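Listing of start06.cif, mmCIF, C-alpha atoms
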```cif
data_coords
loop_
_atom_site.label_atom_id
_atom_site.label_comp_id
_atom_site.auth_asym_id
_atom_site.auth_seq_id
_atom_site.Cartn_x
_atom_site.Cartn_y
_atom_site.Cartn_z
CA MET A 1 12.88 -9.07 18.59
CA PRO A 2 15.08 -7.98 15.62
CA ARG A 3 13.58 -5.41 13.29
CA ILE A 4 12.71 -6.34 9.71
CA GLN A 5 14.25 -3.49 7.72
CA THR A 6 12.04 -3.99 4.69
CA LEU A 7 8.93 -3.67 6.88
CA ASP A 8 10.23 -0.39 8.31
CA PHE A 9 10.59 0.89 4.75
CA ILE A 10 7.12 -0.31 3.73
CA ARG A 11 5.63 1.22 6.89
CA GLY A 12 7.36 4.51 6.06
CA ILE A 13 5.93 4.40 2.53
CA ALA A 14 2.47 3.76 4.01
CA ILE A 15 2.63 6.64 6.52
CA MET A 16 3.88 9.07 3.90
CA GLY A 17 1.35 7.80 1.37
CA ILE A 18 -1.56 8.23 3.78
CA LEU A 19 -0.83 11.97 3.77
CA LEU A 20 -1.73 12.03 0.07
CA LEU A 21 -5.28 11.17 1.15
CA ASN A 22 -5.41 13.14 4.38
CA ILE A 23 -4.18 16.38 2.84
CA ASN A 24 -7.59 16.88 1.20
CA ALA A 25 -9.27 16.39 4.58
CA PHE A 26 -6.88 18.87 6.19
CA GLY A 27 -7.05 21.52 3.49
CA LEU A 28 -10.53 21.25 1.93
CA PRO A 29 -14.14 20.87 3.13
CA GLY A 30 -15.29 17.34 3.92
CA ALA A 31 -17.34 17.12 0.71
CA ALA A 32 -14.13 17.40 -1.32
CA TYR A 33 -12.52 14.25 0.08
CA LEU A 34 -13.86 11.87 -2.58
CA ASN A 35 -15.59 14.32 -4.91
CA PRO A 36 -13.44 16.74 -6.95
CA ALA A 37 -16.66 18.36 -8.23
CA TRP A 38 -17.81 19.20 -4.70
CA GLN A 39 -18.50 22.80 -5.77
CA GLY A 40 -20.59 21.69 -8.74
CA SER A 41 -17.76 22.01 -11.25
CA VAL A 42 -14.15 20.93 -11.46
CA THR A 43 -10.96 22.30 -13.02
CA PRO A 44 -8.76 20.05 -15.20
CA GLY A 45 -5.98 20.28 -12.60
CA ASP A 46 -8.25 19.12 -9.80
CA ALA A 47 -9.72 16.34 -11.94
CA TRP A 48 -6.37 14.90 -13.01
CA THR A 49 -4.93 15.18 -9.50
CA TRP A 50 -7.99 13.37 -8.14
CA ALA A 51 -7.66 10.64 -10.78
CA LEU A 52 -3.96 10.02 -10.12
CA ILE A 53 -4.35 10.01 -6.34
CA ASP A 54 -7.41 7.78 -6.63
CA PHE A 55 -5.52 5.28 -8.77
CA PHE A 56 -2.19 5.19 -6.95
CA ALA A 57 -3.02 6.12 -3.34
CA GLN A 58 -6.67 6.37 -2.28
CA LEU A 59 -7.34 3.56 0.21
CA LYS A 60 -4.20 1.70 -0.95
CA PHE A 61 -1.87 3.07 1.70
CA LEU A 62 -4.54 2.71 4.38
CA ALA A 63 -4.92 -0.92 3.33
CA LEU A 64 -1.14 -1.35 3.32
CA PHE A 65 -0.86 0.05 6.84
CA ALA A 66 -3.71 -2.19 8.06
CA LEU A 67 -1.93 -5.24 6.62
CA LEU A 68 1.25 -4.25 8.46
CA PHE A 69 -0.71 -3.62 11.65
CA GLY A 70 -2.19 -7.11 11.47
CA GLY A 71 1.25 -8.53 10.77
CA GLY A 72 2.52 -6.69 13.83
CA LEU A 73 -0.22 -8.25 15.96
CA GLN A 74 0.95 -11.69 14.82
CA LEU A 75 4.53 -10.87 15.82
CA LEU A 76 3.45 -9.51 19.20
CA LEU A 77 1.35 -12.51 20.23
CA SER A 78 4.34 -13.81 22.18
CA ARG A 79 4.06 -10.80 24.50
CA GLY A 80 0.87 -12.19 25.94
CA LYS A 81 -2.75 -11.17 26.37
CA ARG A 82 -2.28 -8.46 29.02
CA TRP A 83 0.49 -6.70 27.14
CA LEU A 84 -1.42 -6.66 23.85
CA GLN A 85 -4.65 -5.49 25.46
CA ALA A 86 -2.85 -2.70 27.27
CA ARG A 87 -1.03 -1.64 24.10
CA LEU A 88 -4.19 -1.48 22.03
CA SER A 89 -6.19 0.21 24.79
CA TRP A 90 -3.62 3.01 25.02
CA LEU A 91 -3.72 3.36 21.22
CA LEU A 92 -7.50 3.64 21.39
CA LEU A 93 -7.28 6.32 24.09
CA LEU A 94 -4.64 8.25 22.15
CA GLY A 95 -6.86 8.11 19.07
CA PHE A 96 -9.82 9.48 21.00
CA VAL A 97 -7.78 12.43 22.31
CA HIS A 98 -6.32 13.02 18.85
CA CYS A 99 -9.79 13.00 17.29
CA LEU A 100 -11.42 15.18 19.92
CA LEU A 101 -8.76 17.85 20.37
CA PHE A 102 -6.75 17.92 17.16
CA TRP A 103 -8.24 16.35 14.02
CA GLU A 104 -11.48 14.60 13.22
CA GLY A 105 -9.88 12.33 10.59
CA ASP A 106 -8.07 10.15 13.16
CA ILE A 107 -7.49 6.46 12.39
CA LEU A 108 -5.74 5.44 15.62
CA LEU A 109 -8.97 4.83 17.51
CA ASP A 110 -10.24 2.60 14.69
CA TYR A 111 -7.05 0.56 14.74
CA GLY A 112 -7.10 0.24 18.52
CA LEU A 113 -10.75 -0.76 18.65
CA ILE A 114 -10.67 -3.26 15.79
CA GLY A 115 -7.26 -4.48 16.91
CA LEU A 116 -8.73 -5.54 20.27
CA VAL A 117 -10.95 -7.94 18.35
CA ALA A 118 -8.57 -8.91 15.54
CA TRP A 119 -5.65 -10.02 17.71
CA ARG A 120 -7.80 -12.69 19.34
CA MET A 121 -8.87 -14.00 15.96
CA ILE A 122 -5.25 -14.08 14.80
CA ARG A 123 -4.34 -15.98 17.96
CA ASP A 124 -7.22 -18.46 17.89
CA VAL A 125 -7.26 -19.40 14.19
CA SER A 126 -4.53 -22.01 13.96
CA SER A 127 -4.54 -22.49 10.19
CA THR A 128 -2.75 -19.79 8.19
CA ARG A 129 -4.91 -20.48 5.15
CA GLN A 130 -8.09 -20.27 7.22
CA LEU A 131 -6.92 -17.00 8.77
CA PHE A 132 -6.25 -15.57 5.31
CA ASN A 133 -9.62 -16.75 3.95
CA THR A 134 -11.45 -15.36 6.98
CA GLY A 135 -9.82 -11.99 6.37
CA VAL A 136 -10.86 -12.04 2.72
CA MET A 137 -14.43 -12.94 3.70
CA LEU A 138 -14.66 -10.10 6.25
CA TYR A 139 -13.34 -7.61 3.71
CA ILE A 140 -15.88 -8.73 1.09
CA VAL A 141 -18.66 -8.36 3.68
CA GLY A 142 -17.60 -4.72 4.15
CA CYS A 143 -17.75 -4.19 0.39
CA GLY A 144 -21.21 -5.76 0.32
CA VAL A 145 -22.42 -3.38 3.02
CA LEU A 146 -21.32 -0.49 0.82
CA LEU A 147 -23.61 -1.80 -1.91
CA VAL A 148 -26.48 -2.03 0.59
CA PHE A 149 -25.88 1.60 1.55
CA GLY A 150 -26.13 2.48 -2.14
CA LEU A 151 -29.46 0.67 -2.47
CA LEU A 152 -30.85 2.44 0.61
CA SER A 153 -29.65 5.91 -0.32
CA GLY A 154 -31.67 8.42 -2.27
CA HIS A 155 -30.70 9.96 -5.58
CA GLN A 156 -30.26 13.48 -4.19
CA PRO A 157 -26.78 14.40 -2.93
CA ASN A 158 -26.37 15.42 0.70
CA ASN A 159 -23.98 18.03 2.03
CA SER A 160 -21.25 15.43 2.57
CA TRP A 161 -21.00 15.07 -1.23
CA LEU A 162 -22.09 18.44 -2.60
CA ALA A 163 -21.73 21.16 0.03
CA GLY A 164 -23.67 24.40 -0.07
CA ALA A 165 -22.17 27.82 0.57
CA ALA A 166 -23.52 27.92 4.13
CA ASP A 167 -22.07 24.47 4.90
CA ILE A 168 -18.65 25.50 3.62
CA GLN A 169 -18.74 28.77 5.52
CA TYR A 170 -19.65 27.05 8.78
CA GLU A 171 -17.03 24.31 8.37
CA THR A 172 -14.39 26.96 7.67
CA PHE A 173 -15.49 28.86 10.78
CA TRP A 174 -15.23 26.04 13.30
CA LYS A 175 -12.02 24.63 11.86
CA THR A 176 -10.20 27.95 11.83
CA HIS A 177 -11.61 29.34 15.10
CA GLY A 178 -11.41 26.16 17.17
CA GLY A 179 -12.76 26.21 20.73
CA TRP A 180 -15.85 24.40 21.95
CA GLU A 181 -17.54 24.70 18.55
CA ALA A 182 -14.75 22.65 17.00
CA VAL A 183 -14.86 20.06 19.80
CA ARG A 184 -18.64 19.73 19.42
CA ASN A 185 -18.36 19.16 15.68
CA ARG A 186 -15.56 16.66 16.16
CA LEU A 187 -17.75 14.79 18.63
CA ASP A 188 -20.53 14.65 16.04
CA LEU A 189 -18.13 13.37 13.42
CA PHE A 190 -16.68 10.91 15.94
CA SER A 191 -20.10 9.40 16.62
CA SER A 192 -20.92 9.06 12.92
CA GLY A 193 -17.47 7.57 12.36
CA LEU A 194 -18.14 4.91 15.00
CA LEU A 195 -21.39 4.01 13.24
CA SER A 196 -19.54 3.70 9.94
CA LEU A 197 -16.86 1.59 11.62
CA ALA A 198 -19.43 -0.78 13.08
CA ALA A 199 -21.54 -1.02 9.94
CA GLN A 200 -19.02 -1.10 7.11
CA TYR A 201 -15.38 -0.01 7.48
CA GLY A 202 -14.73 -2.14 10.56
CA TRP A 203 -15.37 -5.32 8.56
CA GLN A 204 -12.79 -4.28 5.99
CA LEU A 205 -10.26 -3.17 8.59
CA ALA A 206 -10.57 -6.42 10.53
CA GLY A 207 -10.27 -8.38 7.29
CA LEU A 208 -7.08 -6.58 6.32
CA MET A 209 -5.57 -7.16 9.76
CA LEU A 210 -6.31 -10.88 9.53
CA ILE A 211 -4.81 -11.05 6.04
CA GLY A 212 -1.73 -9.25 7.34
CA GLY A 213 -1.50 -11.67 10.25
CA ALA A 214 -1.68 -14.62 7.85
CA LEU A 215 0.99 -13.14 5.57
CA MET A 216 3.26 -12.58 8.56
CA ARG A 217 2.69 -16.09 9.90
CA SER A 218 3.51 -17.62 6.51
CA GLY A 219 6.77 -15.69 6.34
CA TRP A 220 5.62 -13.64 3.34
CA LEU A 221 5.77 -10.34 5.25
CA GLN A 222 9.14 -11.32 6.65
CA GLY A 223 10.77 -11.55 3.22
CA ARG A 224 11.31 -15.33 3.38
CA TRP A 225 10.07 -16.02 -0.14
CA SER A 226 12.17 -15.71 -3.28
CA LEU A 227 12.76 -12.44 -5.08
CA THR A 228 11.26 -13.97 -8.21
CA HIS A 229 8.07 -14.81 -6.33
CA TYR A 230 7.70 -11.27 -4.98
CA ARG A 231 8.32 -9.68 -8.37
CA ARG A 232 5.87 -11.99 -10.11
CA THR A 233 3.28 -11.37 -7.40
CA ALA A 234 3.71 -7.61 -7.71
CA LEU A 235 3.21 -7.74 -11.49
CA ILE A 236 0.09 -9.91 -11.29
CA LEU A 237 -1.60 -8.02 -8.45
CA LEU A 238 -0.84 -4.51 -9.72
CA VAL A 239 -2.09 -5.33 -13.23
CA LEU A 240 -5.23 -6.97 -11.82
CA ALA A 241 -5.86 -4.00 -9.53
CA ALA A 242 -5.54 -1.60 -12.47
CA ILE A 243 -8.01 -3.64 -14.54
CA ILE A 244 -10.53 -3.47 -11.68
CA GLU A 245 -10.11 0.19 -10.77
CA ILE A 246 -9.59 2.12 -14.00
CA PRO A 247 -13.22 1.61 -15.17
CA GLY A 248 -14.47 3.04 -11.87
CA ILE A 249 -12.30 6.14 -12.22
CA TYR A 250 -13.37 6.61 -15.84
CA LEU A 251 -17.08 6.21 -15.08
CA GLN A 252 -16.97 8.68 -12.18
CA TRP A 253 -15.29 11.24 -14.44
CA ALA A 254 -17.70 10.50 -17.30
CA CYS A 255 -20.81 11.02 -15.17
CA GLY A 256 -19.42 14.20 -13.66
CA TRP A 257 -19.14 12.62 -10.20
CA ALA A 258 -22.93 12.44 -9.93
CA PHE A 259 -23.94 11.42 -6.41
CA TYR A 260 -25.98 8.28 -6.98
CA PRO A 261 -23.51 6.16 -8.93
CA SER A 262 -20.31 7.80 -7.67
CA ALA A 263 -20.88 7.93 -3.92
CA PHE A 264 -21.50 4.21 -3.53
CA TYR A 265 -21.48 1.92 -6.57
CA LEU A 266 -18.45 3.45 -8.30
CA GLN A 267 -16.50 3.35 -5.05
CA LEU A 268 -16.64 -0.44 -5.18
CA PRO A 269 -13.88 -0.94 -7.81
CA ARG A 270 -11.46 0.98 -5.56
CA GLU A 271 -12.55 -0.97 -2.50
CA LEU A 272 -11.96 -4.28 -4.29
CA SER A 273 -8.65 -3.32 -5.86
CA ALA A 274 -7.08 -1.65 -2.80
CA PRO A 275 -5.93 -4.85 -1.00
CA LEU A 276 -4.51 -6.24 -4.24
CA GLN A 277 -2.62 -3.04 -4.93
CA ALA A 278 -1.42 -2.76 -1.32
CA ILE A 279 -0.02 -6.29 -1.34
CA GLY A 280 1.44 -5.53 -4.78
CA TYR A 281 3.27 -2.50 -3.37
CA ALA A 282 4.65 -4.62 -0.52
CA ALA A 283 5.74 -7.29 -3.01
CA LEU A 284 7.58 -4.66 -5.07
CA CYS A 285 9.52 -3.57 -1.99
CA PHE A 286 10.48 -7.15 -1.08
CA GLY A 287 11.25 -8.10 -4.66
CA PHE A 288 13.62 -5.20 -5.24
CA TRP A 289 14.94 -4.78 -1.70
CA PRO A 290 18.57 -5.67 -2.57
CA THR A 291 18.57 -2.67 -4.93
CA LEU A 292 16.46 -0.37 -2.75
CA ALA A 293 18.64 -0.98 0.32
CA ARG A 294 21.57 0.77 -1.37
CA PHE A 295 19.90 4.19 -1.47
CA THR A 296 20.14 6.86 1.22
CA LEU A 297 16.50 7.77 0.63
CA THR A 298 15.50 4.21 1.52
CA ARG A 299 17.21 4.56 4.89
CA ALA A 300 15.42 7.87 5.47
CA ILE A 301 12.01 6.40 4.61
CA SER A 302 12.77 3.41 6.86
CA SER A 303 13.42 5.88 9.68
CA VAL A 304 9.97 7.34 9.11
CA GLY A 305 8.57 3.81 9.35
CA ARG A 306 10.36 3.14 12.63
CA MET A 307 8.66 6.25 14.03
CA ALA A 308 5.32 5.75 12.27
CA LEU A 309 3.11 6.86 15.16
CA SER A 310 5.21 9.94 15.93
CA ASN A 311 5.27 10.92 12.26
CA TYR A 312 1.52 10.41 11.85
CA LEU A 313 0.86 12.76 14.76
CA LEU A 314 3.50 15.18 13.46
CA GLN A 315 1.60 15.35 10.18
CA THR A 316 -1.51 16.34 12.12
CA LEU A 317 0.38 18.99 14.07
CA LEU A 318 1.91 20.51 10.94
CA CYS A 319 -1.22 20.41 8.79
CA THR A 320 -3.66 21.69 11.43
CA THR A 321 -1.23 24.53 12.13
CA LEU A 322 -0.99 25.49 8.47
CA PHE A 323 -4.64 25.10 7.52
CA ASN A 324 -6.54 25.86 10.73
CA HIS A 325 -4.31 28.35 12.52
CA PHE A 326 -2.57 30.06 9.58
CA GLY A 327 -5.84 30.25 7.64
CA TRP A 328 -4.87 28.11 4.64
CA PHE A 329 -8.08 26.05 4.89
CA ASN A 330 -10.00 26.02 1.59
CA ARG A 331 -7.46 28.36 0.02
CA LEU A 332 -5.52 25.82 -2.08
CA ASP A 333 -6.64 23.49 -4.86
CA ARG A 334 -5.65 19.84 -5.16
CA PRO A 335 -2.40 20.38 -7.14
CA GLN A 336 -1.28 23.07 -4.70
CA LEU A 337 -2.00 20.77 -1.75
CA LEU A 338 0.53 18.31 -3.17
CA ALA A 339 3.22 20.94 -2.60
CA VAL A 340 2.26 20.96 1.08
CA VAL A 341 2.56 17.17 1.09
CA LEU A 342 6.14 17.44 -0.18
CA LEU A 343 6.96 19.96 2.56
CA VAL A 344 5.55 17.72 5.29
CA TRP A 345 7.35 14.69 3.85
CA LEU A 346 10.67 16.55 4.03
CA ILE A 347 10.01 17.42 7.66
CA ASN A 348 9.07 13.80 8.43
CA LEU A 349 12.30 12.55 6.86
CA PHE A 350 14.53 15.13 8.53
CA PHE A 351 12.91 14.71 11.94
CA SER A 352 13.15 10.91 11.81
CA LEU A 353 16.80 10.83 10.74
CA CYS A 354 17.83 13.34 13.39
CA TRP A 355 15.86 11.72 16.20
CA LEU A 356 17.09 8.19 15.52
CA ARG A 357 20.70 9.36 15.60
CA TYR A 358 20.29 9.75 19.36
CA PHE A 359 17.36 7.53 20.35
CA ARG A 360 16.22 4.01 19.53
CA GLN A 361 12.51 4.86 19.30
CA GLY A 362 10.32 7.79 18.35
CA PRO A 363 9.07 9.95 21.25
CA VAL A 364 5.45 8.80 21.05
CA GLU A 365 6.51 5.18 20.53
CA TRP A 366 8.62 5.37 23.69
CA CYS A 367 5.73 6.79 25.73
CA TRP A 368 3.36 4.20 24.29
CA ARG A 369 5.74 1.38 25.20
CA GLN A 370 6.26 2.65 28.74
CA LEU A 371 2.53 3.09 29.37
CA THR A 372 1.89 -0.40 27.98
CA ARG A 373 4.57 -1.89 30.20
CA LEU A 374 3.29 -0.15 33.33
CA SER A 375 -0.34 -1.02 32.62
CA SER A 376 0.31 -4.69 31.90
CA ARG A 377 2.50 -4.94 35.00
CA GLU A 378 -0.19 -3.39 37.20
CA VAL A 379 -2.76 -5.85 35.87
CA MET A 380 -0.43 -8.74 36.66
CA LEU A 381 0.13 -7.44 40.22
CA GLN A 382 -3.61 -7.11 40.75
CA LYS A 383 -4.07 -10.70 39.64
#
```
What do you get writing this file as structure tokens?
Amino acid sequence: MPRIQTLDFIRGIAIMGILLLNINAFGLPGAAYLNPAWQGSVTPGDAWTWALIDFFAQLKFLALFALLFGGGLQLLLSRGKRWLQARLSWLLLLGFVHCLLFWEGDILLDYGLIGLVAWRMIRDVSSTRQLFNTGVMLYIVGCGVLLVFGLLSGHQPNNSWLAGAADIQYETFWKTHGGWEAVRNRLDLFSSGLLSLAAQYGWQLAGLMLIGGALMRSGWLQGRWSLTHYRRTALILLVLAAIIEIPGIYLQWACGWAFYPSAFYLQLPRELSAPLQAIGYAALCFGFWPTLARFTLTRAISSVGRMALSNYLLQTLLCTTLFNHFGWFNRLDRPQLLAVVLLVWLINLFFSLCWLRYFRQGPVEWCWRQLTRLSSREVMLQK
């Protein structure tokens, strides 16, 4: 199956963009992930960094990667049921190990678990329009569940939004000292993450995968539409996303990131705008690909996309080393964390370019493919 170069580039953008979100989870306490005022006050630098990341990146690159993942499932349907199930099962297992032993913010397990459901829906829904509409419906259900959570929650912030000194001290301890204490806490976070996946995020993730599958089936994610169409689509969707999200960012800032409106209700504009903005980003890449393809940087980012899984795990290795083992955890503010992002990006780019000079696949991708092939073959022999 020939590679679609534009998709490699978009996937590279998504993997690098996800680090803009994850860096706060690597370098700051959990309460800081969505709340810049997690200590009760906020500096102008932290506030503006939060606002810019929230507008351009938060959830957008996760949504973009989920769309591409769903598109990939559509392309891989020809491999057959056993091959797809084996591939996703190994991804799920890798995500569990990654979450348990390395970093509690893993997304691989979520993609493997939801993917085992989504690929069947992509296969069984024959109408592209129906597949797209089903994805939209599932995503809206997930947004609705977020509103229900807001109605059921109290007005007092918990330690996941406004952490106390003891909470911060304990989180710093288990992250920097590791051992069984870290594993135990990761298990606790893993179980709560599964509940969140089942109750709310899983609906959105499945919806995005189905939308991606529909866009791939229609040829949209294969670049078969006109450049004018992609550019017009990018303009419309990005403007619409901005209109939806900017009020949410402003209101969170205006209320001082107070728990009751900010933790649930004011998250909704971002949740609604993220798929629009993600598709808008993809449309920009397709619409201006003839120009983008000329640049050396585009080739480097495409190399990152070809090795997306290896680079995602490399980001974990680098960031956990810096923050957990070198003691940088909770030492840097949001603007300073962006400097770490740039460093990791440079390593991702250099590693990908060097590796692909000698090999056709990333190291983890190669292992994943071999395990999938062996597993699917064993199942066929047992049959």
Checklist entry - Applied to this file, what does the PyMOL selection byres ((chain A and resi 136-147) around 8) return in terms of residues, put as a list of chain:residue names? => result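 After applying the PyMOL selection byres ((chain A and resi 136-147) around 8), what remains is A:Phe132, A:Asn133, A:Thr134, A:Gly135, A:Val148, A:Phe149, A:Gly150, A:Leu151, A:Ala199, A:Gln200, A:Tyr201, A:Gly202, A:Trp203, A:Gln204, A:Leu205, A:Ala206, A:Gly207, A:Leu208, A:Ile211, A:Phe264, A:Tyr265, A:Leu268, A:Glu271, A:Leu272.
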Next on the checklist: Between atom CA of A:Thr296 and atom CA of A:Asp54, what is the distance in Å, rounded to a tenth?
Outcome noted: 28.7 Å
Checklist entry - Could you write out as a VMD selection string the residues that the PyMOL selection byres ((chain A and resi 240-250) around 12) matches in the shown file? => result chain A and resid 34 to 36 47 to 60 233 to 239 251 to 257 261 to 281
Could you pull the residues within 8 Å of stretch 226-230 of chain A, counting only C-alpha atoms, minus those fewer than 6 positions along the same chain, as a compact mmCIF listing (two decimals) with C-alpha atoms, in the frame of the given file?
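Dumped to part-v7.txt:
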```
# COMPACT_ATOMS: atom_id res chain seq x y z
CA ALA A 283 5.74 -7.29 -3.01
CA LEU A 284 7.58 -4.66 -5.07
CA PHE A 286 10.48 -7.15 -1.08
CA GLY A 287 11.25 -8.10 -4.66
CA PHE A 288 13.62 -5.20 -5.24
```
Item to check | Chain and number of each residue from the PyMOL selection byres ((chain A and resi 72-77) around 7), as number ranges by chain | outcome: A: 68-71, 78-80, 119, 122, 213, 216-217
Quick one: write out the picked residues with C-alpha atoms as an mmCIF file, in the frame of the given file?
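out13.cif written:
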```
data_model
loop_
_atom_site.group_PDB
_atom_site.id
_atom_site.type_symbol
_atom_site.label_atom_id
_atom_site.label_comp_id
_atom_site.auth_asym_id
_atom_site.auth_seq_id
_atom_site.Cartn_x
_atom_site.Cartn_y
_atom_site.Cartn_z
ATOM 1 C CA LEU A 68 1.250 -4.250 8.460
ATOM 2 C CA PHE A 69 -0.710 -3.620 11.650
ATOM 3 C CA GLY A 70 -2.190 -7.110 11.470
ATOM 4 C CA GLY A 71 1.250 -8.530 10.770
ATOM 5 C CA SER A 78 4.340 -13.810 22.180
ATOM 6 C CA ARG A 79 4.060 -10.800 24.500
ATOM 7 C CA GLY A 80 0.870 -12.190 25.940
ATOM 8 C CA TRP A 119 -5.650 -10.020 17.710
ATOM 9 C CA ILE A 122 -5.250 -14.080 14.800
ATOM 10 C CA GLY A 213 -1.500 -11.670 10.250
ATOM 11 C CA MET A 216 3.260 -12.580 8.560
ATOM 12 C CA ARG A 217 2.690 -16.090 9.900
#
```
Checklist entry - With all atoms listed in the file as the basis for distance, which of A:Val125, A:Leu356, A:Leu197, A:Leu322 is at the shortest distance from A:Val344? => result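 Answer, going by the shortest atom-to-atom distance: A:Leu322.
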Checklist entry - Do you know which residues are at most 8 Å from stretch 324-330 of chain A counting only C-alpha atoms, after dropping those on the same chain fewer than 3 positions away, and could you put them as a list in words? => result Phe26, Gly27, Leu28, Pro29, Thr172, Lys175, Thr176, His177, Cys319, Thr320, Thr321 and Asp333 of chain A
Export, as an mmCIF file, in the coordinates of the input, the selected residues with C-alpha atoms.
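Generated output (result_1.cif):
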```cif
data_model
loop_
_atom_site.group_PDB
_atom_site.id
_atom_site.type_symbol
_atom_site.label_atom_id
_atom_site.label_comp_id
_atom_site.auth_asym_id
_atom_site.auth_seq_id
_atom_site.Cartn_x
_atom_site.Cartn_y
_atom_site.Cartn_z
ATOM 1 C CA PHE A 26 -6.880 18.870 6.190
ATOM 2 C CA GLY A 27 -7.050 21.520 3.490
ATOM 3 C CA LEU A 28 -10.530 21.250 1.930
ATOM 4 C CA PRO A 29 -14.140 20.870 3.130
ATOM 5 C CA THR A 172 -14.390 26.960 7.670
ATOM 6 C CA LYS A 175 -12.020 24.630 11.860
ATOM 7 C CA THR A 176 -10.200 27.950 11.830
ATOM 8 C CA HIS A 177 -11.610 29.340 15.100
ATOM 9 C CA CYS A 319 -1.220 20.410 8.790
ATOM 10 C CA THR A 320 -3.660 21.690 11.430
ATOM 11 C CA THR A 321 -1.230 24.530 12.130
ATOM 12 C CA ASP A 333 -6.640 23.490 -4.860
#
```
Item to check | Contacts of A:Phe190 within 8 Å, all atoms listed in the file, excl. fewer than 5 positions in-chain, as a ChimeraX atom specification | outcome: /A:99-100,104
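Using all atoms listed in the file for every distance, the candidate list A:Leu313, A:Leu116, A:Ala25, A:Ile18 yields A:Leu313 as the residue closest to A:His98.
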